[in-house]
Amino acid sequence: MHGYEANAELERRQVRDWAGISRPQVYYSLEKLLGLGLLRTSDSDERQLGPERRVMVTTDSGREALATALERSDWAEQRDRPPFLTWLALSWLARPRVVKRQLERRRKFLERELKRERATLDAVLAEVGHPFHEAVWMIKLIMAQFETELRWLAEVEGGLGRRAKANKRGS
């Protein structure tokens, strides 16, 4: 496919919900992969439509490079650091009403996102036709994370009245 098609496919599959890929990054990456010989332009009639419509296909060395890259341990051994955890670590400095309001905002955000992921899951299941697909597994993981955080938020909100500074130890 060409760059425009790749971007459209990323949009259709809602890839930008779980991967930080912008439109310019797609074009930049395609050019870089072409230069490295990991992609090549196809002999297609669409090429006449301009350079942004060059149809590209993966080369054998491109598929091999991807297979090798997917073997790296850092894919499985990284830890996400969501901005909300940074906020939580600093929240003891916030006004009490702000803490309560931010927790409520987070809960509402997670509920909206969970609803959206459920709709996405239904659409993906309809497209792939079975539950044993990477996209289904990814969406289910995201949903499970949202559901877990919602349960945890309920616990935190319930404990706000008992919130206290850390006990000093030592001296």
# chains A, B, ... in the order shown; residues from 1 in each chain; ligands from 1
>>> select_by_dssp(residues="region 19-78 of chain A", states="strand (DSSP E)", output="PyMOL selection string")
chain A and resi 39-41+56-58
>>> write_last_selection(atoms="C-alpha atoms", output="PDB file, in the first residue's frame")
ATOM      1  CA  LEU A  39      10.693  -1.777   1.682  1.00  0.00           C
ATOM      2  CA  ARG A  40      10.655  -1.346  -2.070  1.00  0.00           C
ATOM      3  CA  THR A  41       8.301   0.417  -4.434  1.00  0.00           C
ATOM      4  CA  MET A  56       5.393  -0.053  -1.232  1.00  0.00           C
ATOM      5  CA  VAL A  57       5.914  -3.694  -0.334  1.00  0.00           C
ATOM      6  CA  THR A  58       8.105  -5.352   2.254  1.00  0.00           C
TER       7      THR A  58
END
>>> residues_around(residues="Glu64 (chain A)", least_positions_apart="5", cutoff="9 Å", atoms="only C-alpha atoms", output="PyMOL selection string")
chain A and resi 38+59+69
>>> residues_around(residues="region 109-124 of chain A", least_positions_apart="5", cutoff="10 Å", atoms="only C-alpha atoms", output="list in words")
Arg13, Gln14, Asp17, Leu103, Glu104, Gly129, His130, Pro131, His133, Ala135, Val136, Trp137, Met138, Ile139, Lys140, Ile142, Met143, Ala144, Gln145, Phe146, Glu147, Glu149 and Leu150 of chain A
>>> write_last_selection(atoms="N, CA and C atoms", output="mmCIF file, in the first residue's frame")
data_model
loop_
_atom_site.group_PDB
_atom_site.id
_atom_site.type_symbol
_atom_site.label_atom_id
_atom_site.label_comp_id
_atom_site.auth_asym_id
_atom_site.auth_seq_id
_atom_site.Cartn_x
_atom_site.Cartn_y
_atom_site.Cartn_z
ATOM 1 N N ARG A 13 -8.342 1.055 11.999
ATOM 2 C CA ARG A 13 -8.108 0.066 13.054
ATOM 3 C C ARG A 13 -7.880 0.700 14.423
ATOM 4 N N GLN A 14 -7.993 2.012 14.513
ATOM 5 C CA GLN A 14 -7.830 2.760 15.754
ATOM 6 C C GLN A 14 -6.485 2.468 16.424
ATOM 7 N N ASP A 17 -4.844 4.657 19.200
ATOM 8 C CA ASP A 17 -5.273 4.535 20.598
ATOM 9 C C ASP A 17 -4.216 3.821 21.439
ATOM 10 N N LEU A 103 -9.576 12.546 41.015
ATOM 11 C CA LEU A 103 -9.920 11.117 41.059
ATOM 12 C C LEU A 103 -11.248 10.869 40.347
ATOM 13 N N GLU A 104 -12.189 11.764 40.517
ATOM 14 C CA GLU A 104 -13.476 11.653 39.824
ATOM 15 C C GLU A 104 -13.282 11.786 38.309
ATOM 16 N N GLY A 129 -13.573 -12.274 12.941
ATOM 17 C CA GLY A 129 -14.416 -13.466 12.948
ATOM 18 C C GLY A 129 -14.114 -14.503 14.019
ATOM 19 N N HIS A 130 -13.165 -14.231 14.921
ATOM 20 C CA HIS A 130 -12.862 -15.164 16.008
ATOM 21 C C HIS A 130 -12.119 -14.428 17.123
ATOM 22 N N PRO A 131 -12.123 -14.968 18.348
ATOM 23 C CA PRO A 131 -11.481 -14.272 19.469
ATOM 24 C C PRO A 131 -9.999 -14.563 19.634
ATOM 25 N N HIS A 133 -7.138 -13.605 18.095
ATOM 26 C CA HIS A 133 -6.424 -12.680 17.218
ATOM 27 C C HIS A 133 -5.713 -11.659 18.096
ATOM 28 N N ALA A 135 -5.308 -8.473 17.874
ATOM 29 C CA ALA A 135 -6.069 -7.255 18.160
ATOM 30 C C ALA A 135 -7.090 -7.501 19.272
ATOM 31 N N VAL A 136 -7.729 -8.653 19.254
ATOM 32 C CA VAL A 136 -8.700 -8.994 20.304
ATOM 33 C C VAL A 136 -7.988 -9.088 21.647
ATOM 34 N N TRP A 137 -6.851 -9.762 21.672
ATOM 35 C CA TRP A 137 -6.104 -9.906 22.925
ATOM 36 C C TRP A 137 -5.658 -8.548 23.456
ATOM 37 N N MET A 138 -5.202 -7.671 22.572
ATOM 38 C CA MET A 138 -4.741 -6.349 22.993
ATOM 39 C C MET A 138 -5.885 -5.540 23.596
ATOM 40 N N ILE A 139 -7.014 -5.541 22.936
ATOM 41 C CA ILE A 139 -8.155 -4.770 23.431
ATOM 42 C C ILE A 139 -8.625 -5.333 24.763
ATOM 43 N N LYS A 140 -8.651 -6.651 24.883
ATOM 44 C CA LYS A 140 -9.066 -7.259 26.156
ATOM 45 C C LYS A 140 -8.095 -6.912 27.283
ATOM 46 N N ILE A 142 -6.282 -4.109 27.492
ATOM 47 C CA ILE A 142 -6.552 -2.709 27.825
ATOM 48 C C ILE A 142 -7.816 -2.612 28.671
ATOM 49 N N MET A 143 -8.852 -3.351 28.294
ATOM 50 C CA MET A 143 -10.091 -3.331 29.063
ATOM 51 C C MET A 143 -9.861 -3.847 30.486
ATOM 52 N N ALA A 144 -9.103 -4.915 30.621
ATOM 53 C CA ALA A 144 -8.816 -5.465 31.954
ATOM 54 C C ALA A 144 -8.035 -4.456 32.792
ATOM 55 N N GLN A 145 -7.110 -3.732 32.169
ATOM 56 C CA GLN A 145 -6.356 -2.703 32.898
ATOM 57 C C GLN A 145 -7.288 -1.587 33.362
ATOM 58 N N PHE A 146 -8.193 -1.145 32.498
ATOM 59 C CA PHE A 146 -9.151 -0.105 32.885
ATOM 60 C C PHE A 146 -10.044 -0.598 34.021
ATOM 61 N N GLU A 147 -10.538 -1.822 33.910
ATOM 62 C CA GLU A 147 -11.406 -2.375 34.954
ATOM 63 C C GLU A 147 -10.668 -2.495 36.289
ATOM 64 N N GLU A 149 -8.071 -0.654 37.244
ATOM 65 C CA GLU A 149 -7.856 0.691 37.770
ATOM 66 C C GLU A 149 -9.145 1.278 38.340
ATOM 67 N N LEU A 150 -10.278 0.976 37.736
ATOM 68 C CA LEU A 150 -11.557 1.461 38.281
ATOM 69 C C LEU A 150 -11.817 0.876 39.675
#
>>> atom_distance(atom1="CA of Gly158 (chain A)", atom2="CA of Arg101 (chain A)")
13.6 Å
>>> closest_residue(among="A:Arg54, A:Lys168, A:Arg12, A:Arg63", to="Tyr27 (chain A)", atoms="only C-alpha atoms")
A:Arg54
>>> closest_residue(among="A:Glu127, A:Glu134, A:Glu11, A:Glu5", to="Arg53 (chain A)", atoms="only C-alpha atoms")
A:Glu5
>>> closest_residue(among="A:Leu153, A:Ala19, A:Ala8, A:Leu66", to="Phe84 (chain A)", atoms="only C-alpha atoms")
A:Leu153
>>> atom_distance(atom1="CA of Lys100 (chain A)", atom2="CA of Leu141 (chain A)")
27.4 Å
>>> closest_residue(among="A:Thr86, A:Val55, A:Gln25, A:Gln78", to="Ser42 (chain A)", atoms="only C-alpha atoms")
A:Val55
>>> select_by_dssp(residues="chain A", states="helix (DSSP H, G or I)", output="PyMOL selection string")
chain A and resi 3-12+15-17+23-35+45-49+51-53+60-69+73-75+83-93+96-128+134-162
